[in-house]
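*Asks:* So that we are looking at the same thing, I have put the structure below in structure tokens.
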Amino acid sequence: MKKVTMQDVADQAGVSKSTVSQFINNRYEYMAASTKLRVGQAIKELGYIPNHVAKSLKQKKTATIGVIVANILHTFSTEIIRSIEDICGENGFHLFVCNADDKPEKERAYIDMLLAKQVDGLIIFPTNGNDSRYEQLKEEGFPIVFVDRKINQSIFPTLLLDNESASKIAVEQLVGSGRKKIGLVSTSIEKKVTPRVERINGFKKTLEQCGLLVKEEWIIAEERDQIAEKLEKIWGGEEKPDAFFATNDLALIELLKFIKKYHLSIPSDIGVITIDDSPFLEIATTPISVIKQPTFTMGRDAAKILLQLIDSKKFEDCYKEQRYSPILVNRESS
């Protein structure tokens, strides 16, 4: 079967080849609605498939971006990816999504793979360990946006939650409900992951501002498979917390498993509040209070900023961090 060409589409639609090219490249500014309809119909009837490889070589763009998340298991990550996809779809871009598993070497391998595929830009939830690679890409003028985490230098636009404010809201919510002995559960901070470190710092500061004692032994920051053991050690002590603040959804899951194992009642035995929402938290036996991140706004903004960088190719030497305000969703658990 003969391959359908752009000229075949032009002949069927009764337009020039350049008009078909403008249609394929989403340039409709000076195209009549009837012309746009005819070209679209001709493409559909003939089954014409544009040669995107040739198009990308001519434009020096592939209309693709890469998204490298630190850990795709977080609801936060998947919601942001969904929002990024919406904006990219509206602008004719496609996504490659990669999961680094919080491993710098895996993230670096994905960066190299995506560059080999000639993506036009990257959105990265950065791990801690690839600063020299980021600096090299900055020198090369490659468009990148960071989300959720920051590195030592603000060399790319960086979007993240006001984490200390989120912890302040969480602690004040628990204290306002009469809790005085508050513990914290987090996933590991060994790699100095920005939101985890900032949330623990905010937790400590707010306890002190409320005149409450900071008990280091009640602050758990471990890998998921070690959280239960630490909780049991706390529960085996003479004094027990009357509330816990979970700094993310994965830490919360481990906390809730522990609470279920010991048949504790929320909120009568233990108060609970967490950062990051999920549909199951609203319908739990005791609905869980959360501090929400504006994930869809963050994803939309990250995509828009990246597309602007790709289009303009204008880069600043450094960028200010863009912080987002946390949102309290008060439910029965706190």
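A note on labels: chains of the structure tokens are A, B, ... as shown, every chain counts residues from 1, and ligands are counted from 1 in their shown order.
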Using the chain letters and numbers from this document, which residues of region 74-271 of chain A does DSSP assign to strand (DSSP E), as a ChimeraX atom specification?
*Replies:* /A:94-99,122-124,144-147,158-161,182-187,219-222,243-246,271
*Asks:* Got a sec: who's within 12 Å of Phe296 (chain A), counting only C-alpha atoms, leaving out chain neighbours fewer than 2 positions off, as a VMD selection string?
*Replies:* chain A and resid 75 to 87 292 to 294 298 to 303 324
*Asks:* Would you compute the distance between CA of Glu229 (chain A) and CA of Leu174 (chain A)? Give it in Å to one decimal.
*Replies:*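 Those two atoms sit 24.2 Å apart.
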*Asks:* Which residue, A:Thr274, A:Thr64, A:Gln22, A:Thr127, has the smallest gap to Val97 (chain A) when you use only C-alpha atoms?
*Replies:*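 Nearest to Val97 (chain A): A:Thr64.
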*Asks:* Near region 310-318 of chain A, within 10 Å and counting only C-alpha atoms, which residues show up once chain neighbours fewer than 2 positions away are dropped, as JSON, numbers by chain?
*Replies:* {"A": [61, 63, 65, 120, 121, 122, 138, 139, 141, 142, 143, 144, 153, 154, 155, 156, 157, 304, 305, 306, 307, 308, 320, 321]}
*Asks:* Any chance you could export the current selection's N, CA, C and O atoms as a short mmCIF file (atom, residue, chain, number, x, y, z; two decimals), in the first residue's frame?
*Replies:*
```cif
data_model
loop_
_atom_site.label_atom_id
_atom_site.label_comp_id
_atom_site.auth_asym_id
_atom_site.auth_seq_id
_atom_site.Cartn_x
_atom_site.Cartn_y
_atom_site.Cartn_z
N LYS A 61 13.13 20.16 17.97
CA LYS A 61 12.33 19.84 19.15
C LYS A 61 11.64 18.51 18.91
O LYS A 61 11.32 18.16 17.78
N ALA A 63 8.95 17.68 21.12
CA ALA A 63 7.66 17.82 21.81
C ALA A 63 7.48 16.74 22.87
O ALA A 63 6.39 16.23 23.08
N ILE A 65 8.87 15.69 27.03
CA ILE A 65 9.63 16.04 28.22
C ILE A 65 9.76 14.80 29.10
O ILE A 65 8.97 13.87 28.99
N ASP A 120 12.91 17.63 25.28
CA ASP A 120 13.13 19.08 25.24
C ASP A 120 13.38 19.68 26.61
O ASP A 120 13.85 20.82 26.72
N GLY A 121 13.07 18.95 27.67
CA GLY A 121 13.27 19.46 29.02
C GLY A 121 12.95 18.39 30.04
O GLY A 121 12.42 17.32 29.70
N LEU A 122 13.28 18.67 31.30
CA LEU A 122 13.07 17.71 32.38
C LEU A 122 12.39 18.37 33.57
O LEU A 122 12.71 19.51 33.92
N LYS A 138 23.03 22.84 33.47
CA LYS A 138 22.80 24.28 33.55
C LYS A 138 23.74 25.01 32.60
O LYS A 138 23.32 25.91 31.85
N GLU A 139 25.01 24.62 32.60
CA GLU A 139 25.99 25.24 31.72
C GLU A 139 25.65 25.02 30.25
O GLU A 139 25.92 25.88 29.40
N GLY A 141 22.68 24.93 29.14
CA GLY A 141 21.43 25.63 28.84
C GLY A 141 20.26 24.70 28.64
O GLY A 141 19.35 25.00 27.83
N PHE A 142 20.24 23.57 29.35
CA PHE A 142 19.14 22.62 29.19
C PHE A 142 18.02 22.95 30.16
O PHE A 142 18.26 23.14 31.36
N PRO A 143 16.77 23.02 29.69
CA PRO A 143 15.64 23.42 30.56
C PRO A 143 15.29 22.34 31.59
O PRO A 143 15.00 21.20 31.24
N ILE A 144 15.29 22.73 32.86
CA ILE A 144 14.94 21.82 33.96
C ILE A 144 14.13 22.58 35.01
O ILE A 144 14.39 23.76 35.26
N GLN A 153 22.35 24.73 45.42
CA GLN A 153 22.26 25.99 44.68
C GLN A 153 20.94 26.06 43.92
O GLN A 153 20.51 25.07 43.35
N SER A 154 20.34 27.25 43.89
CA SER A 154 19.06 27.42 43.18
C SER A 154 19.34 27.71 41.71
O SER A 154 19.10 28.82 41.21
N ILE A 155 19.85 26.71 40.99
CA ILE A 155 20.23 26.92 39.59
C ILE A 155 19.09 26.68 38.62
O ILE A 155 19.19 27.02 37.45
N PHE A 156 18.00 26.07 39.11
CA PHE A 156 16.81 25.85 38.29
C PHE A 156 15.58 26.30 39.07
O PHE A 156 15.61 26.33 40.31
N PRO A 157 14.48 26.63 38.39
CA PRO A 157 13.23 26.92 39.11
C PRO A 157 12.87 25.74 40.02
O PRO A 157 12.94 24.58 39.60
N LYS A 304 4.09 24.51 33.10
CA LYS A 304 4.06 25.80 32.40
C LYS A 304 5.42 26.46 32.40
O LYS A 304 5.87 27.02 31.38
N ILE A 305 6.11 26.43 33.54
CA ILE A 305 7.44 27.04 33.62
C ILE A 305 8.41 26.34 32.68
O ILE A 305 9.19 26.97 31.97
N LEU A 306 8.36 24.99 32.66
CA LEU A 306 9.27 24.25 31.79
C LEU A 306 9.00 24.56 30.32
O LEU A 306 9.94 24.78 29.54
N LEU A 307 7.73 24.60 29.93
CA LEU A 307 7.41 24.90 28.53
C LEU A 307 7.85 26.31 28.15
O LEU A 307 8.28 26.54 27.01
N GLN A 308 7.76 27.24 29.10
CA GLN A 308 8.26 28.59 28.83
C GLN A 308 9.77 28.60 28.61
O GLN A 308 10.28 29.28 27.72
N LYS A 320 14.66 31.96 42.52
CA LYS A 320 14.09 31.90 43.85
C LYS A 320 13.20 30.65 43.95
O LYS A 320 12.58 30.25 42.98
N GLU A 321 13.16 30.07 45.14
CA GLU A 321 12.24 28.96 45.37
C GLU A 321 10.80 29.47 45.37
O GLU A 321 10.54 30.55 45.85
#
```
*Asks:* Just checking: using only C-alpha atoms, which residue out of A:Glu190, A:Glu232, A:Glu208, A:Glu282 ends up closest to Asp102 (chain A)?
*Replies:* A:Glu190
*Asks:* At a cut-off of 7 Å, using only C-alpha atoms, what residues contact Lys181 (chain A)? Leave out same-chain residues fewer than 6 positions from it and give the result as an NGL selection string.
*Replies:* :A and (241-243)
*Asks:* Can I get the selection written as a tab-separated table (two decimals), in the first residue's frame, with all heavy atoms?
*Replies:*
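Here's the written file out07.tsv:
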```
chain	number	residue	atom	x	y	z
A	241	PRO	N	3.15	8.64	73.87
A	241	PRO	CA	2.54	9.80	73.20
A	241	PRO	C	1.02	9.68	73.18
A	241	PRO	O	0.47	8.58	73.20
A	241	PRO	CB	3.09	9.72	71.77
A	241	PRO	CG	4.28	8.83	71.85
A	241	PRO	CD	3.99	7.85	72.95
A	242	ASP	N	0.35	10.84	73.15
A	242	ASP	CA	-1.10	10.81	72.99
A	242	ASP	C	-1.51	11.23	71.58
A	242	ASP	O	-2.69	11.34	71.26
A	242	ASP	CB	-1.80	11.67	74.05
A	242	ASP	CG	-1.36	13.13	74.02
A	242	ASP	OD1	-0.72	13.55	73.03
A	242	ASP	OD2	-1.64	13.85	75.00
A	243	ALA	N	-0.51	11.47	70.72
A	243	ALA	CA	-0.79	11.82	69.32
A	243	ALA	C	0.47	11.63	68.49
A	243	ALA	O	1.59	11.67	69.01
A	243	ALA	CB	-1.27	13.27	69.21
```
*Asks:* Pick out the residues sitting within 12 Å of Val20 (chain A), and hand them over as a compact mmCIF listing (two decimals) with N, CA, C and O atoms, in the first residue's frame; count only C-alpha atoms, and ignore anything fewer than 5 positions along from it in its own chain.
*Replies:*
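Listed below is the output, selection10.txt:
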```txt
# COMPACT_ATOMS: atom_id res chain seq x y z
N THR A 5 1.00 10.76 1.85
CA THR A 5 1.91 11.89 2.06
C THR A 5 1.14 13.15 2.43
O THR A 5 -0.10 13.22 2.31
N MET A 6 1.88 14.17 2.84
CA MET A 6 1.27 15.45 3.16
C MET A 6 0.63 16.06 1.91
O MET A 6 -0.42 16.71 1.98
N GLN A 7 1.24 15.81 0.75
CA GLN A 7 0.68 16.33 -0.50
C GLN A 7 -0.67 15.68 -0.80
O GLN A 7 -1.60 16.35 -1.30
N ASP A 8 -0.82 14.38 -0.47
CA ASP A 8 -2.10 13.70 -0.67
C ASP A 8 -3.19 14.36 0.17
O ASP A 8 -4.33 14.55 -0.29
N VAL A 9 -2.85 14.72 1.41
CA VAL A 9 -3.81 15.40 2.29
C VAL A 9 -4.18 16.76 1.70
O VAL A 9 -5.36 17.15 1.68
N ALA A 10 -3.15 17.48 1.24
CA ALA A 10 -3.40 18.80 0.65
C ALA A 10 -4.33 18.70 -0.55
O ALA A 10 -5.27 19.51 -0.69
N ASP A 11 -4.09 17.72 -1.42
CA ASP A 11 -4.93 17.55 -2.62
C ASP A 11 -6.37 17.24 -2.25
O ASP A 11 -7.31 17.80 -2.83
N GLN A 12 -6.55 16.35 -1.26
CA GLN A 12 -7.91 15.96 -0.87
C GLN A 12 -8.66 17.13 -0.23
O GLN A 12 -9.87 17.29 -0.42
N ALA A 13 -7.91 17.93 0.58
CA ALA A 13 -8.55 19.04 1.29
C ALA A 13 -8.67 20.29 0.42
O ALA A 13 -9.37 21.24 0.79
N GLY A 14 -8.00 20.30 -0.74
CA GLY A 14 -8.04 21.46 -1.63
C GLY A 14 -7.27 22.65 -1.06
O GLY A 14 -7.70 23.80 -1.21
N VAL A 15 -6.15 22.36 -0.41
CA VAL A 15 -5.33 23.43 0.17
C VAL A 15 -3.88 23.18 -0.22
O VAL A 15 -3.54 22.19 -0.86
N ASN A 25 1.27 21.36 12.87
CA ASN A 25 2.07 22.02 13.90
C ASN A 25 1.24 22.94 14.81
O ASN A 25 1.79 23.77 15.54
N ASN A 26 -0.10 22.75 14.74
CA ASN A 26 -1.03 23.48 15.63
C ASN A 26 -0.94 25.00 15.47
O ASN A 26 -1.11 25.75 16.43
N ARG A 27 -0.69 25.45 14.24
CA ARG A 27 -0.66 26.89 13.97
C ARG A 27 -1.93 27.27 13.19
O ARG A 27 -1.98 27.16 11.97
N TYR A 28 -2.94 27.68 13.94
CA TYR A 28 -4.25 27.93 13.34
C TYR A 28 -4.60 29.42 13.27
O TYR A 28 -5.73 29.77 12.93
N MET A 31 -5.91 30.54 9.95
CA MET A 31 -6.59 29.48 9.20
C MET A 31 -8.10 29.57 9.46
O MET A 31 -8.54 29.60 10.60
N THR A 35 -11.40 25.65 6.64
CA THR A 35 -10.15 25.04 6.16
C THR A 35 -9.62 24.03 7.18
O THR A 35 -9.21 22.92 6.83
N LYS A 36 -9.64 24.44 8.43
CA LYS A 36 -9.18 23.56 9.51
C LYS A 36 -10.00 22.28 9.53
O LYS A 36 -9.45 21.17 9.68
N LEU A 37 -11.30 22.40 9.33
CA LEU A 37 -12.18 21.24 9.33
C LEU A 37 -11.87 20.31 8.16
O LEU A 37 -11.81 19.08 8.31
N ARG A 38 -11.64 20.89 6.95
CA ARG A 38 -11.36 20.08 5.76
C ARG A 38 -10.04 19.32 5.91
O ARG A 38 -9.94 18.15 5.56
N VAL A 39 -9.02 20.01 6.41
CA VAL A 39 -7.71 19.36 6.56
C VAL A 39 -7.81 18.22 7.59
O VAL A 39 -7.30 17.12 7.35
N GLY A 40 -8.47 18.48 8.70
CA GLY A 40 -8.63 17.45 9.72
C GLY A 40 -9.38 16.24 9.19
O GLY A 40 -9.02 15.09 9.50
N GLN A 41 -10.42 16.50 8.42
CA GLN A 41 -11.21 15.42 7.84
C GLN A 41 -10.40 14.62 6.83
O GLN A 41 -10.48 13.38 6.79
N ALA A 42 -9.58 15.32 6.01
CA ALA A 42 -8.74 14.63 5.02
C ALA A 42 -7.71 13.72 5.71
O ALA A 42 -7.47 12.59 5.27
N ILE A 43 -7.11 14.23 6.78
CA ILE A 43 -6.13 13.43 7.54
C ILE A 43 -6.79 12.16 8.09
O ILE A 43 -6.24 11.06 8.01
N TYR A 48 -3.59 9.56 7.42
CA TYR A 48 -2.25 10.14 7.35
C TYR A 48 -1.61 10.22 8.74
O TYR A 48 -2.23 10.68 9.69
N PRO A 50 1.61 11.92 10.54
CA PRO A 50 2.73 12.86 10.36
C PRO A 50 4.06 12.23 10.74
O PRO A 50 4.13 11.41 11.67
```
*Asks:* Using the chain letters and numbers from this document, which residues of region 24-215 of chain A does DSSP assign to alpha helix (DSSP H), as an NGL selection string?
*Replies:* :A and (24 or 33-46 or 52-59 or 75-90 or 104-116 or 131-139 or 163-176 or 194-209)
*Asks:* Quick one: residues within 10 Å of Glu105 (chain A), only C-alpha atoms, excluding same-chain residues fewer than 6 positions away - as number ranges by chain?
*Replies:* A: 111, 127, 129-130
*Asks:* Pick out the residues sitting within 12 Å of Asp269 (chain A), and hand them over as a ChimeraX atom specification; count only C-alpha atoms, and ignore anything fewer than 5 positions along from it in its own chain.
*Replies:* /A:179,240-244,259-260,262-264,333-334
